[in-house]
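Here is target-v2.cif, consisting of mmCIF, C-alpha atoms:
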data_final
loop_
_atom_site.label_atom_id
_atom_site.label_comp_id
_atom_site.auth_asym_id
_atom_site.auth_seq_id
_atom_site.Cartn_x
_atom_site.Cartn_y
_atom_site.Cartn_z
CA MET K 108 96.93 95.28 110.74
CA ARG K 109 100.11 93.89 109.14
CA LEU K 110 100.97 92.74 105.64
CA ASN K 111 100.68 89.09 106.69
CA ASP K 112 97.10 89.79 107.72
CA CYS K 113 96.23 90.68 104.11
CA HIS K 114 94.69 87.77 102.22
CA ASN K 115 93.12 89.62 99.28
CA VAL K 116 93.16 92.96 97.50
CA ASP K 117 90.47 94.40 99.78
CA ASP K 118 92.65 93.63 102.81
CA LEU K 119 95.53 95.48 101.16
CA ARG K 120 93.19 98.40 100.55
CA ARG K 121 92.37 98.55 104.26
CA LEU K 122 96.04 98.48 105.20
CA ALA K 123 96.79 101.26 102.69
CA LYS K 124 94.02 103.35 104.21
CA GLN K 125 95.60 102.95 107.65
CA ARG K 126 99.03 104.03 106.43
CA LEU K 127 98.29 106.89 104.03
CA PRO K 128 97.16 110.46 104.69
CA TRP K 129 93.53 110.69 103.59
CA PRO K 130 94.15 112.99 100.57
CA VAL K 131 96.66 110.48 99.18
CA PHE K 132 94.45 107.48 99.85
CA ASP K 133 91.48 109.21 98.28
CA TYR K 134 93.51 109.98 95.17
CA ILE K 135 94.12 106.24 94.69
CA ASP K 136 90.69 105.08 95.83
CA GLY K 137 88.50 107.79 94.35
CA ALA K 138 86.83 108.08 90.97
CA ALA K 139 84.61 110.45 89.01
CA ASP K 140 81.32 111.99 90.15
CA ASP K 141 79.21 109.43 92.07
CA GLU K 142 81.81 106.67 91.52
CA ILE K 143 79.15 104.44 89.97
CA THR K 144 81.41 103.22 87.19
CA LYS K 145 84.26 102.43 89.57
CA ALA K 146 81.94 100.20 91.61
CA ARG K 147 80.50 98.62 88.48
CA ASN K 148 83.95 97.67 87.16
CA SER K 149 84.31 95.05 89.88
CA ALA K 150 80.61 94.27 90.36
CA ALA K 151 80.33 93.27 86.68
CA TYR K 152 82.30 90.12 87.40
CA ALA K 153 79.70 89.06 89.98
CA ASP K 154 77.03 89.05 87.27
CA CYS K 155 78.81 86.24 85.46
CA ASP K 156 79.26 82.71 86.81
CA LEU K 157 81.99 80.18 86.14
CA VAL K 158 81.01 76.70 84.96
CA PRO K 159 83.73 74.20 85.90
CA ALA K 160 84.60 70.89 84.29
CA VAL K 161 85.63 67.96 86.49
CA LEU K 162 87.85 64.88 86.20
CA ALA K 163 90.11 66.84 83.88
CA GLY K 164 93.53 65.79 85.21
CA VAL K 165 94.99 69.08 86.40
CA ALA K 166 98.13 67.96 88.22
CA GLU K 167 100.18 70.18 85.89
CA ILE K 168 98.93 73.57 84.72
CA ASP K 169 100.46 76.39 82.67
CA THR K 170 99.49 79.96 83.50
CA ALA K 171 101.77 81.59 80.91
CA VAL K 172 100.55 83.64 77.95
CA THR K 173 102.12 85.73 75.20
CA ILE K 174 101.20 89.42 75.39
CA MET K 175 102.22 91.75 72.57
CA GLY K 176 104.96 89.35 71.53
CA ARG K 177 106.49 88.83 74.98
CA ARG K 178 105.97 85.95 77.36
CA SER K 179 104.21 86.64 80.64
CA ALA K 180 104.12 84.07 83.44
CA LEU K 181 100.56 85.14 84.30
CA PRO K 182 97.74 86.60 82.15
CA LEU K 183 98.09 89.90 84.01
CA ILE K 184 99.57 93.32 83.27
CA LEU K 185 100.29 95.80 86.06
CA SER K 186 98.69 98.83 84.43
CA PRO K 187 100.60 102.12 84.29
CA THR K 188 99.61 104.57 87.02
CA ALA K 189 100.86 108.04 87.91
CA LEU K 190 102.64 109.52 90.95
CA GLN K 191 103.68 106.26 92.58
CA ARG K 192 106.35 107.74 94.87
CA VAL K 193 103.59 109.76 96.53
CA PHE K 194 102.04 106.49 97.70
CA HIS K 195 105.30 104.88 98.86
CA TRP K 196 108.86 106.16 98.61
CA GLN K 197 109.92 103.14 96.52
CA GLY K 198 107.35 103.97 93.84
CA GLU K 199 107.75 102.55 90.34
CA ARG K 200 110.99 100.83 91.32
CA ALA K 201 109.07 98.56 93.68
CA VAL K 202 106.44 97.75 91.05
CA ALA K 203 109.07 97.06 88.37
CA GLN K 204 111.04 94.74 90.62
CA ALA K 205 107.94 92.88 91.78
CA ALA K 206 106.82 92.45 88.16
CA ALA K 207 110.27 91.13 87.24
CA LYS K 208 110.21 88.64 90.11
CA PHE K 209 106.95 87.18 88.83
CA GLY K 210 107.75 87.53 85.11
CA LEU K 211 104.98 90.02 84.30
CA TRP K 212 104.39 92.94 81.96
CA PHE K 213 104.04 96.28 83.69
CA GLY K 214 103.67 99.88 82.62
CA ILE K 215 104.78 103.32 83.70
CA SER K 216 102.89 106.56 83.15
CA SER K 217 103.99 109.75 81.46
CA LEU K 218 103.41 111.10 85.00
CA ALA K 219 105.73 108.50 86.55
CA THR K 220 108.00 109.52 89.39
CA VAL K 221 110.94 107.44 88.12
CA SER K 222 112.44 108.04 84.69
CA ILE K 223 112.02 105.99 81.56
CA GLU K 224 115.77 105.34 81.51
CA GLU K 225 116.03 104.17 85.11
CA ILE K 226 113.14 101.75 84.77
CA ALA K 227 114.59 100.35 81.54
CA ALA K 228 117.95 99.75 83.23
CA LEU K 229 116.39 98.29 86.37
CA VAL K 230 114.62 95.18 85.03
CA PRO K 231 114.45 93.10 81.82
CA THR K 232 110.71 92.55 82.20
CA PRO K 233 108.43 93.61 79.29
CA LYS K 234 107.52 97.27 79.74
CA MET K 235 104.92 99.61 78.28
CA PHE K 236 104.88 103.38 78.44
CA GLN K 237 101.51 105.08 78.94
CA PHE K 238 101.57 108.04 76.58
CA TYR K 239 99.54 111.15 77.34
CA TYR K 240 99.31 113.29 74.22
CA HIS K 241 100.41 116.78 75.24
CA LYS K 242 99.88 120.12 73.53
CA ASP K 243 103.66 120.51 73.69
CA ARG K 244 104.78 118.64 70.56
CA GLY K 245 108.40 118.84 71.67
CA LEU K 246 107.52 116.95 74.82
CA ASN K 247 105.68 114.31 72.79
CA ARG K 248 108.68 113.83 70.53
CA ALA K 249 111.03 113.66 73.50
CA MET K 250 109.01 110.93 75.22
CA ILE K 251 108.93 108.83 72.05
CA ALA K 252 112.67 109.24 71.54
CA ARG K 253 113.42 108.33 75.14
CA CYS K 254 111.24 105.21 74.96
CA LYS K 255 112.99 104.14 71.76
CA ALA K 256 116.44 104.69 73.23
CA ALA K 257 115.46 102.78 76.39
CA LYS K 258 114.02 99.93 74.28
CA PHE K 259 110.57 99.94 75.84
CA ASP K 260 108.45 97.11 74.46
CA ALA K 261 105.24 99.05 73.77
CA ILE K 262 103.59 102.44 73.92
CA ALA K 263 99.98 102.66 75.09
CA LEU K 264 98.30 105.87 73.97
CA THR K 265 95.67 106.81 76.53
CA VAL K 266 92.61 108.00 74.62
CA ASP K 267 90.09 108.66 77.41
CA THR K 268 91.73 111.60 79.22
CA ILE K 269 91.66 114.54 76.83
CA VAL K 270 90.01 116.29 79.78
CA SER K 271 89.88 115.18 83.38
CA GLY K 272 86.92 113.54 85.00
CA LYS K 273 85.44 115.31 88.00
CA ARG K 274 87.19 113.58 90.89
CA GLU K 275 85.30 115.03 93.81
CA ARG K 276 87.37 113.44 96.55
CA CYS K 277 90.47 115.21 95.19
CA ALA K 278 88.54 118.47 94.93
CA ARG K 279 87.60 118.20 98.61
CA SER K 280 91.08 117.25 99.82
CA GLY K 281 93.00 119.69 97.62
CA PHE K 282 95.34 116.90 96.46
CA THR K 283 98.03 118.13 94.07
CA SER K 284 101.24 117.00 92.42
CA PRO K 285 103.47 117.47 94.29
CA PRO K 286 101.34 117.18 97.44
CA ARG K 287 100.55 120.54 99.00
CA PHE K 288 99.87 120.70 102.72
CA THR K 289 96.65 122.65 103.26
CA PRO K 290 95.02 123.57 106.57
CA SER K 291 92.28 120.99 106.03
CA SER K 292 94.70 118.15 105.25
CA LEU K 293 97.68 119.01 107.47
CA LEU K 294 96.43 116.98 110.43
CA SER K 295 96.04 113.90 108.24
CA TYR K 296 99.63 114.20 107.01
CA ALA K 297 100.89 114.79 110.55
CA ALA K 298 98.97 111.73 111.78
CA ARG K 299 100.95 109.55 109.35
CA PRO K 300 104.51 110.43 110.42
CA ARG K 301 106.11 107.47 108.65
CA TRP K 302 104.67 108.62 105.32
CA ALA K 303 105.49 112.27 106.03
CA LEU K 304 109.11 111.57 106.96
CA ASP K 305 109.62 109.44 103.87
CA TYR K 306 108.12 112.14 101.66
CA LEU K 307 110.07 115.00 103.22
CA PHE K 308 113.50 113.43 103.67
CA ARG K 309 113.92 110.84 100.95
CA GLU K 310 114.49 111.55 97.26
CA LYS K 311 112.91 114.82 96.15
CA PHE K 312 109.62 114.37 94.32
CA ALA K 313 109.75 114.86 90.55
CA LEU K 314 108.07 113.84 87.30
CA PRO K 315 111.25 113.11 85.33
CA ASN K 316 109.53 112.19 82.07
CA LEU K 317 107.92 115.64 81.91
CA ASP K 318 110.09 118.09 83.83
CA THR K 319 112.44 118.70 80.92
CA HIS K 320 109.55 120.58 79.28
CA VAL K 321 107.04 121.64 81.96
CA ARG K 322 107.24 122.83 85.57
CA GLU K 323 103.68 121.85 86.43
CA GLY K 324 103.52 118.73 88.57
CA THR K 325 107.14 118.94 89.72
CA GLY K 326 108.27 122.50 90.38
CA GLU K 327 104.76 123.93 90.53
CA ALA K 328 101.91 122.22 92.41
CA ILE K 329 98.88 121.44 90.29
CA SER K 330 95.85 119.22 90.66
CA ILE K 331 95.68 116.22 88.35
CA ALA K 332 92.50 117.66 86.87
CA GLY K 333 94.29 120.96 86.33
CA TYR K 334 97.20 119.21 84.64
CA PHE K 335 95.01 117.21 82.26
CA ASN K 336 92.81 120.18 81.44
CA SER K 337 95.69 122.55 80.72
CA MET K 338 98.41 120.30 79.31
CA LEU K 339 96.73 117.58 77.24
CA ASP K 340 95.59 118.07 73.66
CA THR K 341 91.81 117.97 73.30
CA SER K 342 92.16 117.85 69.50
CA LEU K 343 93.53 114.29 69.68
CA ASP K 344 91.90 112.24 66.92
CA TRP K 345 92.39 109.05 64.90
CA LYS K 346 94.75 110.70 62.44
CA MET K 347 97.01 111.87 65.28
CA ALA K 348 96.91 108.41 66.87
CA GLU K 349 97.95 106.86 63.56
CA GLN K 350 100.81 109.35 63.23
CA LEU K 351 101.99 108.51 66.74
CA ARG K 352 101.97 104.83 65.81
CA ASP K 353 104.14 105.64 62.79
CA ASP K 354 106.51 107.84 64.79
CA TRP K 355 106.92 105.15 67.43
CA ALA K 356 107.28 102.34 64.85
CA GLY K 357 106.95 99.67 67.51
CA THR K 358 104.25 97.75 69.33
CA PHE K 359 101.34 100.15 69.71
CA CYS K 360 98.33 99.89 72.01
CA LEU K 361 95.28 102.11 72.49
CA LYS K 362 94.21 102.35 76.14
CA GLY K 363 90.64 103.43 76.79
CA VAL K 364 88.72 101.81 73.92
CA MET K 365 85.17 100.97 75.01
CA SER K 366 83.12 100.42 71.84
CA ALA K 367 83.19 97.83 69.08
CA ALA K 368 83.27 100.62 66.49
CA ASP K 369 86.39 102.15 68.04
CA ALA K 370 87.96 98.71 68.33
CA ARG K 371 87.41 98.30 64.57
CA ARG K 372 89.09 101.66 63.91
CA ALA K 373 92.02 100.59 66.07
CA VAL K 374 92.46 97.59 63.79
CA ASP K 375 92.19 99.85 60.75
CA ILE K 376 95.02 102.16 61.88
CA GLY K 377 97.30 99.22 62.57
CA ALA K 378 97.26 99.13 66.37
CA ASP K 379 98.63 95.91 67.83
CA ALA K 380 96.45 95.87 70.93
CA ILE K 381 93.62 97.63 72.72
CA MET K 382 92.96 97.97 76.41
CA ILE K 383 89.22 97.97 77.07
CA SER K 384 89.23 100.50 79.88
CA ASN K 385 87.29 103.35 81.45
CA HIS K 386 90.33 104.56 83.42
CA GLY K 387 89.19 102.85 86.59
CA GLY K 388 85.97 104.87 86.61
CA ARG K 389 87.98 108.08 87.03
CA GLN K 390 86.79 109.77 83.83
CA LEU K 391 83.22 109.31 82.52
CA ASP K 392 80.98 108.20 85.37
CA GLY K 393 78.07 106.19 84.03
CA SER K 394 80.11 104.41 81.37
CA ARG K 395 79.94 100.64 81.12
CA ALA K 396 82.36 98.28 82.78
CA PRO K 397 85.12 96.87 80.56
CA PHE K 398 84.08 93.30 81.35
CA ASP K 399 80.52 94.07 80.21
CA GLN K 400 81.82 95.40 76.88
CA LEU K 401 84.31 92.60 76.34
CA PRO K 402 82.11 90.03 74.49
CA GLU K 403 80.83 92.63 72.02
CA ILE K 404 84.36 93.80 71.21
CA VAL K 405 85.69 90.24 70.96
CA ASP K 406 82.92 89.40 68.50
CA ALA K 407 83.84 92.45 66.42
CA VAL K 408 87.64 92.20 66.27
CA GLY K 409 88.73 89.05 68.08
CA GLY K 410 91.64 87.42 66.29
CA GLU K 411 92.54 90.67 64.50
CA ILE K 412 94.01 92.56 67.45
CA GLU K 413 95.09 91.72 70.98
CA ILE K 414 92.43 92.55 73.56
CA ILE K 415 93.28 93.42 77.16
CA CYS K 416 90.49 93.80 79.72
CA ASP K 417 91.53 96.57 82.11
CA GLY K 418 90.02 97.53 85.44
CA GLY K 419 88.00 96.22 88.35
CA ILE K 420 90.23 93.18 88.94
CA ARG K 421 90.17 92.13 92.58
CA ARG K 422 90.37 88.32 92.32
CA GLY K 423 92.11 85.69 90.24
CA THR K 424 88.68 84.45 89.19
CA HIS K 425 88.00 87.88 87.68
CA ILE K 426 91.01 87.34 85.45
CA LEU K 427 89.80 83.85 84.49
CA LYS K 428 86.37 85.26 83.60
CA ALA K 429 87.93 87.92 81.37
CA LEU K 430 90.00 85.27 79.59
CA ALA K 431 86.99 82.98 79.14
CA ALA K 432 85.09 85.91 77.62
CA GLY K 433 87.82 86.33 75.03
CA ALA K 434 90.47 88.69 76.40
CA GLY K 435 94.10 87.79 75.89
CA CYS K 436 94.88 88.98 79.40
CA ALA K 437 93.63 91.30 82.12
CA SER K 438 95.19 94.36 83.71
CA GLY K 439 94.64 96.64 86.66
CA GLY K 440 96.09 99.48 88.69
CA ARG K 441 94.46 99.69 92.11
CA LEU K 442 95.06 95.98 92.66
CA TYR K 443 98.77 96.73 93.16
CA LEU K 444 98.60 100.42 94.17
CA TYR K 445 96.87 99.54 97.44
CA ALA K 446 99.64 97.01 98.05
CA LEU K 447 102.39 99.48 97.16
CA ALA K 448 100.95 102.04 99.55
CA ALA K 449 100.60 99.43 102.27
CA ALA K 450 104.11 97.99 102.17
CA GLY K 451 106.21 98.96 99.16
CA GLN K 452 107.73 96.18 97.06
CA ALA K 453 106.81 93.54 99.64
CA GLY K 454 103.20 94.64 99.36
CA VAL K 455 103.18 94.45 95.55
CA GLU K 456 104.71 91.00 95.72
CA ARG K 457 102.04 89.99 98.21
CA ALA K 458 99.28 91.20 95.88
CA ILE K 459 100.70 89.39 92.84
CA GLY K 460 101.30 86.24 94.88
CA LEU K 461 97.72 86.19 96.11
CA LEU K 462 96.36 86.63 92.58
CA LYS K 463 98.73 83.98 91.26
CA ASP K 464 97.48 81.48 93.85
CA GLU K 465 93.88 82.33 92.99
CA ILE K 466 94.51 81.89 89.25
CA GLU K 467 96.22 78.54 89.76
CA ARG K 468 93.60 77.25 92.17
CA GLY K 469 90.80 78.54 89.95
CA MET K 470 92.23 76.81 86.87
CA ARG K 471 92.38 73.49 88.69
CA LEU K 472 88.86 73.86 89.99
CA MET K 473 87.71 74.86 86.49
CA GLY K 474 89.34 71.79 84.98
CA VAL K 475 91.70 73.64 82.62
CA THR K 476 95.44 73.05 82.33
CA SER K 477 96.31 76.05 80.16
CA ILE K 478 94.96 79.57 79.69
CA GLY K 479 94.05 78.84 76.07
CA GLN K 480 91.46 76.26 77.13
CA LEU K 481 89.23 78.90 78.71
CA ASN K 482 86.27 79.91 76.54
CA ARG K 483 82.67 81.07 76.78
CA ASP K 484 81.46 77.56 77.54
CA HIS K 485 82.95 78.19 80.98
CA LEU K 486 80.68 81.23 81.57
CA ARG K 487 77.02 81.83 82.28
CA TYR K 488 75.65 85.38 82.46
CA ARG K 489 72.84 86.12 84.90
#
So that I can check it, write out the structure of this file as structure tokens.
Amino acid sequence: MRLNDCHNVDDLRRLAKQRLPWPVFDYIDGAADDEITKARNSAAYADCDLVPAVLAGVAEIDTAVTIMGRRSALPLILSPTALQRVFHWQGERAVAQAAAKFGLWFGISSLATVSIEEIAALVPTPKMFQFYYHKDRGLNRAMIARCKAAKFDAIALTVDTIVSGKRERCARSGFTSPPRFTPSSLLSYAARPRWALDYLFREKFALPNLDTHVREGTGEAISIAGYFNSMLDTSLDWKMAEQLRDDWAGTFCLKGVMSAADARRAVDIGADAIMISNHGGRQLDGSRAPFDQLPEIVDAVGGEIEIICDGGIRRGTHILKALAAGAGCASGGRLYLYALAAAGQAGVERAIGLLKDEIERGMRLMGVTSIGQLNRDHLRYR
């Protein structure tokens, strides 16, 4: 299978599975417990039908939107995800450059493998930093200061990972940051020599946004669950989120809001945006899908705060459904991580290009010429 054989996100997933050692693939692909929520995140879109209009004159369409004050050529954010140079040696650099080519927002994680400063210097594209609130207050202050100095466009405080979900695939494989070769996984790494050679002989693995303060994850191997459970602050509350907003003094987003009540509190503390997200099903298995929660949250706070529907996106029509339900845009991680793992920057560009084509074709078939024309009249729930 080659990149040109990939015609959708699921094809890119299959190619990634061919090219990655199984512990690495399972880290991307896996989720919490029985992985019910992960499956539901995408399946939720199948429970809602599009209702097109015809004879609408769609020779010219406009897919652009404004997200958190910055123009985006598509209603899509490439969500921040951790450890990207484990999946492909180009890592966050590939994602940043692909996002810039298509004029998209993208994010990097606190657990990114390329520094805040390098990403800021690499592309002019709108950028968000996914902020994990650590017990180490010095580290928290340092990340804020670095984002300010690098002129990042937004900080997204992740609020659903005060402890790690039980990611059973990672427990079975022994996956760690940095990857540790165990007897059970060694054959899988050896069977993927291209990945192994890139990992061993290219740039040394590091978490440069954290390693000024902690060894774990860079100089000392640790599972992601172990990192979250030992390093992140379980006392995180609304008062601390509000203080972080004040300390940052810029565009501020809460990532991981799932209830209308919490969306209302986000408005009350002065957040600029919320990402309706269950962390790709990797935290609380059995939680609802973001798309299922979207109408309730839009009814509660729509027009008062920007609403981003995060997770489960596999098709351009999924994005159109989220917009019709009231989101300002959609976002996702696996949709480009599979592509990154499959073929680096070329893979990410392939994924975005496929989704772009699907959005444009879907808009024409729906009879809308701009994103703002989509509304609930275009949806029917089963």
Query raised in the report: Just so the selection is clear, what residues does the PyMOL selection byres ((chain K and resi 135-141) around 9) cover here, as an MDAnalysis selection string?
Result: chainID K and resid 120 130:134 142:145 194 272:277 387:393 441 444:445
Requested in this report: Within 7 Å of (97.9, 118.2, 93.0) (coordinates as in the file), grab all the protein and nucleic acid residues, counting all atoms listed in the file, and write them out as a VMD selection string.
Outcome: chain K and resid 281 to 287 328 to 331
Proximity of region 148-228 of chain K to region 358-381 of chain K: per-residue shortest pair, 12 Å limit, all atoms listed in the file, as a Markdown table:
| residue | atom | partner | partner_atom | distance |
| --- | --- | --- | --- | --- |
| K:Ile174 | CA | K:Ala380 | CA | 9.2 |
| K:Met175 | CA | K:Thr358 | CA | 7.1 |
| K:Gly176 | CA | K:Thr358 | CA | 8.7 |
| K:Arg177 | CA | K:Thr358 | CA | 10.8 |
| K:Ser186 | CA | K:Lys362 | CA | 10.1 |
| K:Pro187 | CA | K:Lys362 | CA | 10.4 |
| K:Gly214 | CA | K:Lys362 | CA | 11.7 |
| K:Ser216 | CA | K:Lys362 | CA | 11.9 |
**Report entry** One-decimal distance in Å that lies between CA of Ile459 (chain K) and CA of Leu183 (chain K)
**Finding:**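 We find that CA of Leu183 (chain K) and CA of Ile459 (chain K) lie 9.2 Å from each other.
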Requested in this report: Could you tell me which of K:Met382, K:Val116, K:Leu343, K:Leu462 comes closest to Lys242 (chain K) if we count only C-alpha atoms?
Outcome: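 Once distances to Lys242 (chain K) are computed over only C-alpha atoms, the minimum belongs to K:Leu343.
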Report task. Choose the residue, out of K:Val408, K:Ala206, K:Val193, K:Ile426, that has the smallest atom-to-atom separation from Arg457 (chain K); count only C-alpha atoms. Result ->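 Of K:Val408, K:Ala206, K:Val193, K:Ile426, the one nearest Arg457 (chain K) is K:Ala206, counting only C-alpha atoms.
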Requested in this report: Apply the PyMOL selection byres ((chain K and resi 171) around 8) to the structure shown and report the selected residues as a PyMOL selection string.
Outcome: chain K and resi 169-170+172-173+178-182+477-478
Query - Residue members of the PyMOL selection byres ((chain K and resi 354) around 12) in the file shown, as a ChimeraX atom specification - result: /K:247-252,254-255,262,347-353,355-359
Query raised in the report: Can you tell me how far CA of Phe238 (chain K) sits from CA of Trp212 (chain K), in Å to one decimal?
Result: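 Calculated distance between CA of Phe238 (chain K) and CA of Trp212 (chain K) is 16.3 Å.
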Query raised in the report: Between CA of Leu185 (chain K) and CA of Asp243 (chain K), what is the spacing in Å?
Result: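 If I compute the distance from CA of Asp243 (chain K) to CA of Leu185 (chain K), I get 27.8 Å.
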Got a sec: who's within 8 Å of Arg147 (chain K), counting all atoms listed in the file, leaving out chain neighbours fewer than 3 positions off, as an mmCIF file with C-alpha atoms, keeping the file's coordinate frame?
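Below you can see out-v6.cif, which holds the result:
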data_model
loop_
_atom_site.group_PDB
_atom_site.id
_atom_site.type_symbol
_atom_site.label_atom_id
_atom_site.label_comp_id
_atom_site.auth_asym_id
_atom_site.auth_seq_id
_atom_site.Cartn_x
_atom_site.Cartn_y
_atom_site.Cartn_z
ATOM 1 C CA ILE K 143 79.150 104.440 89.970
ATOM 2 C CA THR K 144 81.410 103.220 87.190
ATOM 3 C CA ALA K 150 80.610 94.270 90.360
ATOM 4 C CA ALA K 151 80.330 93.270 86.680
ATOM 5 C CA ARG K 395 79.940 100.640 81.120
ATOM 6 C CA ALA K 396 82.360 98.280 82.780
ATOM 7 C CA GLY K 419 88.000 96.220 88.350
#
Filled-in N, CA, C and O atoms of region 223-235 of chain K, supplied as a PDB file, in the frame of the given file:
ATOM      1  N   ILE K 223     112.028 107.037  82.576  1.00  0.00           N
ATOM      2  CA  ILE K 223     112.020 105.990  81.560  1.00  0.00           C
ATOM      3  C   ILE K 223     113.348 105.232  81.571  1.00  0.00           C
ATOM      4  O   ILE K 223     113.382 103.991  81.563  1.00  0.00           O
ATOM      5  N   GLU K 224     114.442 105.959  81.605  1.00  0.00           N
ATOM      6  CA  GLU K 224     115.770 105.340  81.510  1.00  0.00           C
ATOM      7  C   GLU K 224     116.085 104.488  82.720  1.00  0.00           C
ATOM      8  O   GLU K 224     116.650 103.384  82.575  1.00  0.00           O
ATOM      9  N   GLU K 225     115.734 104.961  83.915  1.00  0.00           N
ATOM     10  CA  GLU K 225     116.030 104.170  85.110  1.00  0.00           C
ATOM     11  C   GLU K 225     115.238 102.879  85.128  1.00  0.00           C
ATOM     12  O   GLU K 225     115.762 101.815  85.463  1.00  0.00           O
ATOM     13  N   ILE K 226     113.965 102.958  84.780  1.00  0.00           N
ATOM     14  CA  ILE K 226     113.140 101.750  84.770  1.00  0.00           C
ATOM     15  C   ILE K 226     113.660 100.752  83.755  1.00  0.00           C
ATOM     16  O   ILE K 226     113.720  99.546  84.009  1.00  0.00           O
ATOM     17  N   ALA K 227     114.067 101.237  82.578  1.00  0.00           N
ATOM     18  CA  ALA K 227     114.590 100.350  81.540  1.00  0.00           C
ATOM     19  C   ALA K 227     115.844  99.629  82.018  1.00  0.00           C
ATOM     20  O   ALA K 227     116.057  98.445  81.711  1.00  0.00           O
ATOM     21  N   ALA K 228     116.704 100.342  82.750  1.00  0.00           N
ATOM     22  CA  ALA K 228     117.950  99.750  83.230  1.00  0.00           C
ATOM     23  C   ALA K 228     117.725  98.830  84.426  1.00  0.00           C
ATOM     24  O   ALA K 228     118.571  97.965  84.713  1.00  0.00           O
ATOM     25  N   LEU K 229     116.611  98.989  85.110  1.00  0.00           N
ATOM     26  CA  LEU K 229     116.390  98.290  86.370  1.00  0.00           C
ATOM     27  C   LEU K 229     116.013  96.826  86.178  1.00  0.00           C
ATOM     28  O   LEU K 229     116.496  95.947  86.915  1.00  0.00           O
ATOM     29  N   VAL K 230     115.144  96.535  85.203  1.00  0.00           N
ATOM     30  CA  VAL K 230     114.620  95.180  85.030  1.00  0.00           C
ATOM     31  C   VAL K 230     114.502  94.829  83.554  1.00  0.00           C
ATOM     32  O   VAL K 230     114.282  95.711  82.711  1.00  0.00           O
ATOM     33  N   PRO K 231     114.612  93.530  83.211  1.00  0.00           N
ATOM     34  CA  PRO K 231     114.450  93.100  81.820  1.00  0.00           C
ATOM     35  C   PRO K 231     113.006  92.794  81.442  1.00  0.00           C
ATOM     36  O   PRO K 231     112.729  92.462  80.287  1.00  0.00           O
ATOM     37  N   THR K 232     112.112  92.903  82.401  1.00  0.00           N
ATOM     38  CA  THR K 232     110.710  92.550  82.200  1.00  0.00           C
ATOM     39  C   THR K 232     110.086  93.376  81.080  1.00  0.00           C
ATOM     40  O   THR K 232     110.439  94.541  80.906  1.00  0.00           O
ATOM     41  N   PRO K 233     109.130  92.812  80.320  1.00  0.00           N
ATOM     42  CA  PRO K 233     108.430  93.610  79.290  1.00  0.00           C
ATOM     43  C   PRO K 233     107.768  94.842  79.890  1.00  0.00           C
ATOM     44  O   PRO K 233     107.096  94.764  80.920  1.00  0.00           O
ATOM     45  N   LYS K 234     107.958  95.982  79.201  1.00  0.00           N
ATOM     46  CA  LYS K 234     107.520  97.270  79.740  1.00  0.00           C
ATOM     47  C   LYS K 234     106.725  98.047  78.694  1.00  0.00           C
ATOM     48  O   LYS K 234     107.118  98.098  77.533  1.00  0.00           O
ATOM     49  N   MET K 235     105.645  98.685  79.144  1.00  0.00           N
ATOM     50  CA  MET K 235     104.920  99.610  78.280  1.00  0.00           C
ATOM     51  C   MET K 235     104.987 101.011  78.885  1.00  0.00           C
ATOM     52  O   MET K 235     105.110 101.175  80.102  1.00  0.00           O
TER      53      MET K 235
END
